[in-house]
>>> print(open('coords03.cif').read())   # mmCIF, C-alpha atoms, pLDDT in the B column; chains and numbers go by the auth columns
data_data
#
loop_
_atom_site.group_PDB
_atom_site.id
_atom_site.type_symbol
_atom_site.label_atom_id
_atom_site.label_comp_id
_atom_site.label_asym_id
_atom_site.label_seq_id
_atom_site.Cartn_x
_atom_site.Cartn_y
_atom_site.Cartn_z
_atom_site.B_iso_or_equiv
_atom_site.auth_seq_id
_atom_site.auth_asym_id
ATOM 1 C CA MET A 1 0.000 0.000 0.000 91.00 108 A
ATOM 2 C CA LEU A 2 2.814 2.415 0.828 94.00 109 A
ATOM 3 C CA LEU A 3 4.447 1.765 -2.550 94.00 110 A
ATOM 4 C CA SER A 4 1.158 2.485 -4.309 94.00 111 A
ATOM 5 C CA VAL A 5 0.760 5.792 -2.486 95.00 112 A
ATOM 6 C CA LYS A 6 4.411 6.741 -3.043 96.00 113 A
ATOM 7 C CA HIS A 7 4.376 5.954 -6.762 96.00 114 A
ATOM 8 C CA ASN A 8 0.815 7.197 -7.354 95.00 115 A
ATOM 9 C CA ARG A 9 -0.282 3.937 -8.971 93.00 116 A
ATOM 10 C CA PRO A 10 -1.436 0.538 -7.776 91.00 117 A
ATOM 11 C CA ILE A 11 1.424 -1.826 -6.994 91.00 118 A
ATOM 12 C CA GLY A 12 0.275 -5.327 -6.118 86.00 119 A
ATOM 13 C CA TYR A 13 -3.365 -4.384 -6.732 78.00 120 A
ATOM 14 C CA HIS A 14 -5.680 -4.548 -9.709 82.00 121 A
ATOM 15 C CA LYS A 15 -4.199 -2.354 -12.432 83.00 122 A
ATOM 16 C CA ASP A 16 -7.434 -0.397 -12.838 87.00 123 A
ATOM 17 C CA HIS A 17 -7.368 0.824 -9.228 88.00 124 A
ATOM 18 C CA SER A 18 -6.041 4.259 -8.432 91.00 125 A
ATOM 19 C CA ALA A 19 -3.597 5.169 -5.686 91.00 126 A
ATOM 20 C CA TYR A 20 -6.602 6.724 -3.910 92.00 127 A
ATOM 21 C CA GLN A 21 -8.497 3.415 -3.966 92.00 128 A
ATOM 22 C CA VAL A 22 -5.485 1.662 -2.478 91.00 129 A
ATOM 23 C CA LEU A 23 -5.186 4.393 0.178 92.00 130 A
ATOM 24 C CA GLU A 24 -8.875 4.122 1.041 92.00 131 A
ATOM 25 C CA ALA A 25 -8.628 0.341 1.376 90.00 132 A
ATOM 26 C CA GLY A 26 -5.551 0.733 3.561 90.00 133 A
ATOM 27 C CA VAL A 27 -7.068 3.122 6.069 92.00 134 A
ATOM 28 C CA ARG A 28 -10.134 0.906 6.382 90.00 135 A
ATOM 29 C CA GLN A 29 -8.011 -2.214 6.977 88.00 136 A
ATOM 30 C CA THR A 30 -8.512 -3.667 10.434 84.00 137 A
ATOM 31 C CA ILE A 31 -6.460 -5.818 12.743 83.00 138 A
ATOM 32 C CA GLN A 32 -8.472 -8.526 14.456 78.00 139 A
ATOM 33 C CA GLY A 33 -11.630 -7.035 12.966 77.00 140 A
ATOM 34 C CA LYS A 34 -11.697 -3.807 14.998 79.00 141 A
ATOM 35 C CA HIS A 35 -8.370 -2.010 15.361 86.00 142 A
ATOM 36 C CA ARG A 36 -7.367 0.269 12.433 92.00 143 A
ATOM 37 C CA GLY A 37 -3.686 0.423 13.363 91.00 144 A
ATOM 38 C CA PHE A 38 -2.332 1.366 9.943 93.00 145 A
ATOM 39 C CA ALA A 39 -4.718 4.245 9.172 95.00 146 A
ATOM 40 C CA VAL A 40 -2.401 6.923 10.606 96.00 147 A
ATOM 41 C CA LEU A 41 0.577 5.505 8.692 96.00 148 A
ATOM 42 C CA TYR A 42 -1.260 5.494 5.360 96.00 149 A
ATOM 43 C CA LEU A 43 -2.631 9.003 5.892 96.00 150 A
ATOM 44 C CA TRP A 44 0.859 10.258 6.736 97.00 151 A
ATOM 45 C CA ALA A 45 2.093 8.662 3.514 97.00 152 A
ATOM 46 C CA SER A 46 -0.622 10.438 1.530 97.00 153 A
ATOM 47 C CA TYR A 47 0.462 13.820 2.913 97.00 154 A
ATOM 48 C CA ILE A 48 4.167 13.076 2.327 97.00 155 A
ATOM 49 C CA TYR A 49 3.974 11.504 -1.152 98.00 156 A
ATOM 50 C CA LYS A 50 0.980 13.498 -2.434 97.00 157 A
ATOM 51 C CA PRO A 51 -0.736 10.952 -4.691 96.00 158 A
ATOM 52 C CA THR A 52 -3.243 12.370 -7.151 95.00 159 A
ATOM 53 C CA LEU A 53 -6.470 13.136 -5.313 96.00 160 A
ATOM 54 C CA ASN A 54 -9.413 15.091 -6.618 97.00 161 A
ATOM 55 C CA PRO A 55 -11.017 17.700 -4.317 97.00 162 A
ATOM 56 C CA LYS A 56 -13.617 15.237 -2.993 97.00 163 A
ATOM 57 C CA GLN A 57 -10.911 12.663 -2.204 97.00 164 A
ATOM 58 C CA ARG A 58 -8.749 15.273 -0.464 97.00 165 A
ATOM 59 C CA GLN A 59 -11.744 16.311 1.603 97.00 166 A
ATOM 60 C CA TRP A 60 -12.387 12.661 2.548 97.00 167 A
ATOM 61 C CA ARG A 61 -8.756 12.298 3.640 97.00 168 A
ATOM 62 C CA ASP A 62 -8.739 15.539 5.629 97.00 169 A
ATOM 63 C CA VAL A 63 -12.035 14.748 7.388 97.00 170 A
ATOM 64 C CA LEU A 64 -10.762 11.274 8.272 96.00 171 A
ATOM 65 C CA ALA A 65 -7.527 12.770 9.612 96.00 172 A
ATOM 66 C CA GLN A 66 -9.535 15.075 11.880 97.00 173 A
ATOM 67 C CA GLU A 67 -11.715 12.166 13.073 96.00 174 A
ATOM 68 C CA ILE A 68 -8.579 10.189 13.902 96.00 175 A
ATOM 69 C CA LYS A 69 -7.051 13.132 15.810 95.00 176 A
ATOM 70 C CA GLN A 70 -10.253 13.504 17.825 97.00 177 A
ATOM 71 C CA SER A 71 -10.402 9.771 18.528 95.00 178 A
ATOM 72 C CA ILE A 72 -6.764 9.681 19.667 94.00 179 A
ATOM 73 C CA GLY A 73 -7.255 12.836 21.734 93.00 180 A
ATOM 74 C CA ALA A 74 -10.221 11.191 23.468 94.00 181 A
ATOM 75 C CA GLY A 75 -8.017 8.240 24.440 92.00 182 A
ATOM 76 C CA GLU A 76 -9.779 5.773 22.155 93.00 183 A
ATOM 77 C CA THR A 77 -7.719 2.883 20.798 92.00 184 A
ATOM 78 C CA THR A 78 -9.446 2.343 17.437 93.00 185 A
ATOM 79 C CA PHE A 79 -6.717 4.195 15.529 94.00 186 A
ATOM 80 C CA ARG A 80 -3.777 3.465 17.830 94.00 187 A
ATOM 81 C CA ARG A 81 -0.848 3.112 15.483 93.00 188 A
ATOM 82 C CA THR A 82 0.701 -0.289 14.974 89.00 189 A
ATOM 83 C CA THR A 83 4.455 0.288 15.317 92.00 190 A
ATOM 84 C CA TYR A 84 6.022 -3.130 14.918 91.00 191 A
ATOM 85 C CA TYR A 85 6.957 -2.460 11.254 94.00 192 A
ATOM 86 C CA ASP A 86 8.342 1.045 11.843 95.00 193 A
ATOM 87 C CA GLU A 87 11.999 0.041 11.612 95.00 194 A
ATOM 88 C CA ALA A 88 11.522 -1.656 8.235 96.00 195 A
ATOM 89 C CA ILE A 89 9.333 1.179 6.964 97.00 196 A
ATOM 90 C CA ARG A 90 12.031 3.715 7.922 96.00 197 A
ATOM 91 C CA LEU A 91 14.553 1.805 5.808 97.00 198 A
ATOM 92 C CA LEU A 92 12.282 1.496 2.786 96.00 199 A
ATOM 93 C CA PHE A 93 10.563 4.889 3.050 97.00 200 A
ATOM 94 C CA PRO A 94 13.070 7.285 4.641 97.00 201 A
ATOM 95 C CA GLU A 95 10.813 10.258 3.904 97.00 202 A
ATOM 96 C CA MET A 96 8.496 8.939 6.617 97.00 203 A
ATOM 97 C CA ASP A 97 11.164 8.767 9.324 96.00 204 A
ATOM 98 C CA GLU A 98 10.208 12.017 11.050 95.00 205 A
ATOM 99 C CA LYS A 99 6.567 10.947 11.354 96.00 206 A
ATOM 100 C CA LEU A 100 7.495 7.450 12.520 95.00 207 A
ATOM 101 C CA CYS A 101 9.627 8.920 15.302 94.00 208 A
ATOM 102 C CA SER A 102 6.530 10.659 16.639 92.00 209 A
ATOM 103 C CA SER A 103 4.706 9.116 19.567 92.00 210 A
ATOM 104 C CA PHE A 104 1.380 10.263 18.070 92.00 211 A
ATOM 105 C CA ALA A 105 -1.286 7.569 18.258 91.00 212 A
ATOM 106 C CA THR A 106 0.995 5.075 19.997 91.00 213 A
ATOM 107 C CA GLU A 107 0.874 3.501 23.431 82.00 214 A
ATOM 108 C CA ARG A 108 3.655 5.946 24.368 75.00 215 A
ATOM 109 C CA ASP A 109 1.422 8.876 23.351 69.00 216 A
ATOM 110 C CA ASN A 110 -1.329 7.533 25.603 57.00 217 A
ATOM 111 C CA GLN A 111 1.082 7.334 28.549 56.00 218 A
ATOM 112 C CA GLU A 112 2.429 10.870 27.935 52.00 219 A
ATOM 113 C CA THR A 113 -1.108 12.276 27.756 50.00 220 A
ATOM 114 C CA ALA A 114 -2.129 10.502 30.954 47.00 221 A
ATOM 115 C CA THR A 115 0.818 11.953 32.924 44.00 222 A
ATOM 116 C CA ALA A 116 0.606 15.488 31.513 46.00 223 A
ATOM 117 C CA PRO A 117 -0.313 18.208 34.052 45.00 224 A
#
>>> encode(input="coords03.cif", output="structure tokens")
Amino acid sequence: MLLSVKHNRPIGYHKDHSAYQVLEAGVRQTIQGKHRGFAVLYLWASYIYKPTLNPKQRQWRDVLAQEIKQSIGAGETTFRRTTYYDEAIRLLFPEMDEKLCSSFATERDNQETATAP
């Protein structure tokens, strides 16, 4: 999915899909049927690599990003970021390193928020 977003074309998906369709499928992907742990990663990739999105698709992405921020801010775990691939992703997609170093939407972020004054 990250390759598709980076190269603005489907890689490993049906050739008639767009990078947007791959992105949309990625952010909806669940882990164990409920946790959407890769949504933040794929949205970050869309902002970094800037695949072709029409105005309606950009609006969808931006609204989803705001929903995720609100969910994370409320302490919900639905969009808690899955981090166990971060090291490999950093090697393959170095442009994402700064975002991956962030504690946003991780267990660490939850702990920092809980101990903040």
>>> closest_atom_pairs(input="coords03.cif", of="segment 185-222 of chain A", to="segment 156-180 of chain A", cutoff="8 Å", atoms="all atoms listed in the file", output="JSON lines")
{"residue": "A:Thr185", "atom": "CA", "partner": "A:Ser178", "partner_atom": "CA", "distance": 7.6}
{"residue": "A:Phe186", "atom": "CA", "partner": "A:Ile175", "partner_atom": "CA", "distance": 6.5}
{"residue": "A:Arg187", "atom": "CA", "partner": "A:Ile179", "partner_atom": "CA", "distance": 7.1}
{"residue": "A:Ala212", "atom": "CA", "partner": "A:Ile179", "partner_atom": "CA", "distance": 6.0}
>>> atom_distance(input="coords03.cif", atom1="atom CA of Val147 of chain A", atom2="atom CA of Arg188 of chain A")
6.4 Å
>>> closest_residue(input="coords03.cif", among="A:Thr189, A:Ser125, A:Arg135, A:Lys141", to="Phe211 of chain A", atoms="only C-alpha atoms")
A:Thr189
>>> closest_residue(input="coords03.cif", among="A:Glu202, A:Glu214, A:Asp193, A:Asp123", to="Tyr154 of chain A", atoms="only C-alpha atoms")
A:Glu202
>>> atom_distance(input="coords03.cif", atom1="atom CA of Ser209 of chain A", atom2="atom CA of Arg197 of chain A")
12.4 Å
>>> atom_distance(input="coords03.cif", atom1="atom CA of Gly182 of chain A", atom2="atom CA of Thr137 of chain A")
18.4 Å
>>> resolve_selection(input="coords03.cif", expression="the PyMOL selection byres ((chain A and resi 200) around 12)", output="VMD selection string")
chain A and resid 109 to 110 112 to 114 148 151 to 152 155 to 156 192 to 199 201 to 207
>>> closest_residue(input="coords03.cif", among="A:Tyr149, A:Glu183, A:Met108, A:His142", to="Val129 of chain A", atoms="all atoms listed in the file")
A:Met108
>>> axis_aligned_box(input="coords03.cif", around="segment 138-157 of chain A", padding_each_side="4 Å", output="JSON")
{"center_x": -3.8, "center_y": 2.6, "center_z": 6.5, "size_x": 23.9, "size_y": 30.3, "size_z": 25.8}
>>> build_atoms(input="coords03.cif", residues="segment 193-213 of chain A", atoms="N, CA and C atoms", output="PDB file, in the coordinates of the input")
ATOM      1  N   ASP A 193       7.737  -0.273  12.020  1.00 95.00           N
ATOM      2  CA  ASP A 193       8.342   1.045  11.843  1.00 95.00           C
ATOM      3  C   ASP A 193       9.799   0.993  11.395  1.00 95.00           C
ATOM      4  N   GLU A 194      10.576   0.104  11.974  1.00 95.00           N
ATOM      5  CA  GLU A 194      11.999   0.041  11.612  1.00 95.00           C
ATOM      6  C   GLU A 194      12.181  -0.304  10.130  1.00 95.00           C
ATOM      7  N   ALA A 195      11.438  -1.274   9.646  1.00 96.00           N
ATOM      8  CA  ALA A 195      11.522  -1.656   8.235  1.00 96.00           C
ATOM      9  C   ALA A 195      10.981  -0.545   7.337  1.00 96.00           C
ATOM     10  N   ILE A 196       9.910   0.088   7.759  1.00 97.00           N
ATOM     11  CA  ILE A 196       9.333   1.179   6.964  1.00 97.00           C
ATOM     12  C   ILE A 196      10.323   2.331   6.864  1.00 97.00           C
ATOM     13  N   ARG A 197      11.019   2.643   7.953  1.00 96.00           N
ATOM     14  CA  ARG A 197      12.031   3.715   7.922  1.00 96.00           C
ATOM     15  C   ARG A 197      13.112   3.423   6.886  1.00 96.00           C
ATOM     16  N   LEU A 198      13.517   2.170   6.775  1.00 97.00           N
ATOM     17  CA  LEU A 198      14.553   1.805   5.808  1.00 97.00           C
ATOM     18  C   LEU A 198      14.057   1.925   4.373  1.00 97.00           C
ATOM     19  N   LEU A 199      12.820   1.509   4.141  1.00 96.00           N
ATOM     20  CA  LEU A 199      12.282   1.496   2.786  1.00 96.00           C
ATOM     21  C   LEU A 199      11.679   2.834   2.353  1.00 96.00           C
ATOM     22  N   PHE A 200      11.224   3.609   3.320  1.00 97.00           N
ATOM     23  CA  PHE A 200      10.563   4.889   3.050  1.00 97.00           C
ATOM     24  C   PHE A 200      11.156   5.958   3.964  1.00 97.00           C
ATOM     25  N   PRO A 201      12.399   6.359   3.735  1.00 97.00           N
ATOM     26  CA  PRO A 201      13.070   7.285   4.641  1.00 97.00           C
ATOM     27  C   PRO A 201      12.366   8.633   4.785  1.00 97.00           C
ATOM     28  N   GLU A 202      11.547   8.995   3.809  1.00 97.00           N
ATOM     29  CA  GLU A 202      10.813  10.258   3.904  1.00 97.00           C
ATOM     30  C   GLU A 202       9.816  10.244   5.066  1.00 97.00           C
ATOM     31  N   MET A 203       9.472   9.072   5.545  1.00 97.00           N
ATOM     32  CA  MET A 203       8.496   8.939   6.617  1.00 97.00           C
ATOM     33  C   MET A 203       9.137   8.887   7.996  1.00 97.00           C
ATOM     34  N   ASP A 204      10.450   8.933   8.053  1.00 96.00           N
ATOM     35  CA  ASP A 204      11.164   8.767   9.324  1.00 96.00           C
ATOM     36  C   ASP A 204      10.712   9.750  10.399  1.00 96.00           C
ATOM     37  N   GLU A 205      10.584  11.011  10.054  1.00 95.00           N
ATOM     38  CA  GLU A 205      10.208  12.017  11.050  1.00 95.00           C
ATOM     39  C   GLU A 205       8.842  11.694  11.667  1.00 95.00           C
ATOM     40  N   LYS A 206       7.901  11.296  10.846  1.00 96.00           N
ATOM     41  CA  LYS A 206       6.567  10.947  11.354  1.00 96.00           C
ATOM     42  C   LYS A 206       6.638   9.685  12.223  1.00 96.00           C
ATOM     43  N   LEU A 207       7.407   8.706  11.783  1.00 95.00           N
ATOM     44  CA  LEU A 207       7.495   7.450  12.520  1.00 95.00           C
ATOM     45  C   LEU A 207       8.167   7.620  13.873  1.00 95.00           C
ATOM     46  N   CYS A 208       8.992   8.645  14.013  1.00 94.00           N
ATOM     47  CA  CYS A 208       9.627   8.920  15.302  1.00 94.00           C
ATOM     48  C   CYS A 208       8.653   9.541  16.294  1.00 94.00           C
ATOM     49  N   SER A 209       7.548  10.023  15.795  1.00 92.00           N
ATOM     50  CA  SER A 209       6.530  10.659  16.639  1.00 92.00           C
ATOM     51  C   SER A 209       5.832   9.615  17.509  1.00 92.00           C
ATOM     52  N   SER A 210       5.464  10.023  18.697  1.00 92.00           N
ATOM     53  CA  SER A 210       4.706   9.116  19.567  1.00 92.00           C
ATOM     54  C   SER A 210       3.208   9.223  19.302  1.00 92.00           C
ATOM     55  N   PHE A 211       2.804  10.071  18.356  1.00 92.00           N
ATOM     56  CA  PHE A 211       1.380  10.263  18.070  1.00 92.00           C
ATOM     57  C   PHE A 211       0.690   8.935  17.784  1.00 92.00           C
ATOM     58  N   ALA A 212      -0.404   8.720  18.456  1.00 91.00           N
ATOM     59  CA  ALA A 212      -1.286   7.569  18.258  1.00 91.00           C
ATOM     60  C   ALA A 212      -0.648   6.239  18.663  1.00 91.00           C
ATOM     61  N   THR A 213       0.366   6.305  19.512  1.00 91.00           N
ATOM     62  CA  THR A 213       0.995   5.075  19.997  1.00 91.00           C
ATOM     63  C   THR A 213       0.674   4.886  21.469  1.00 91.00           C
TER      64      THR A 213
END
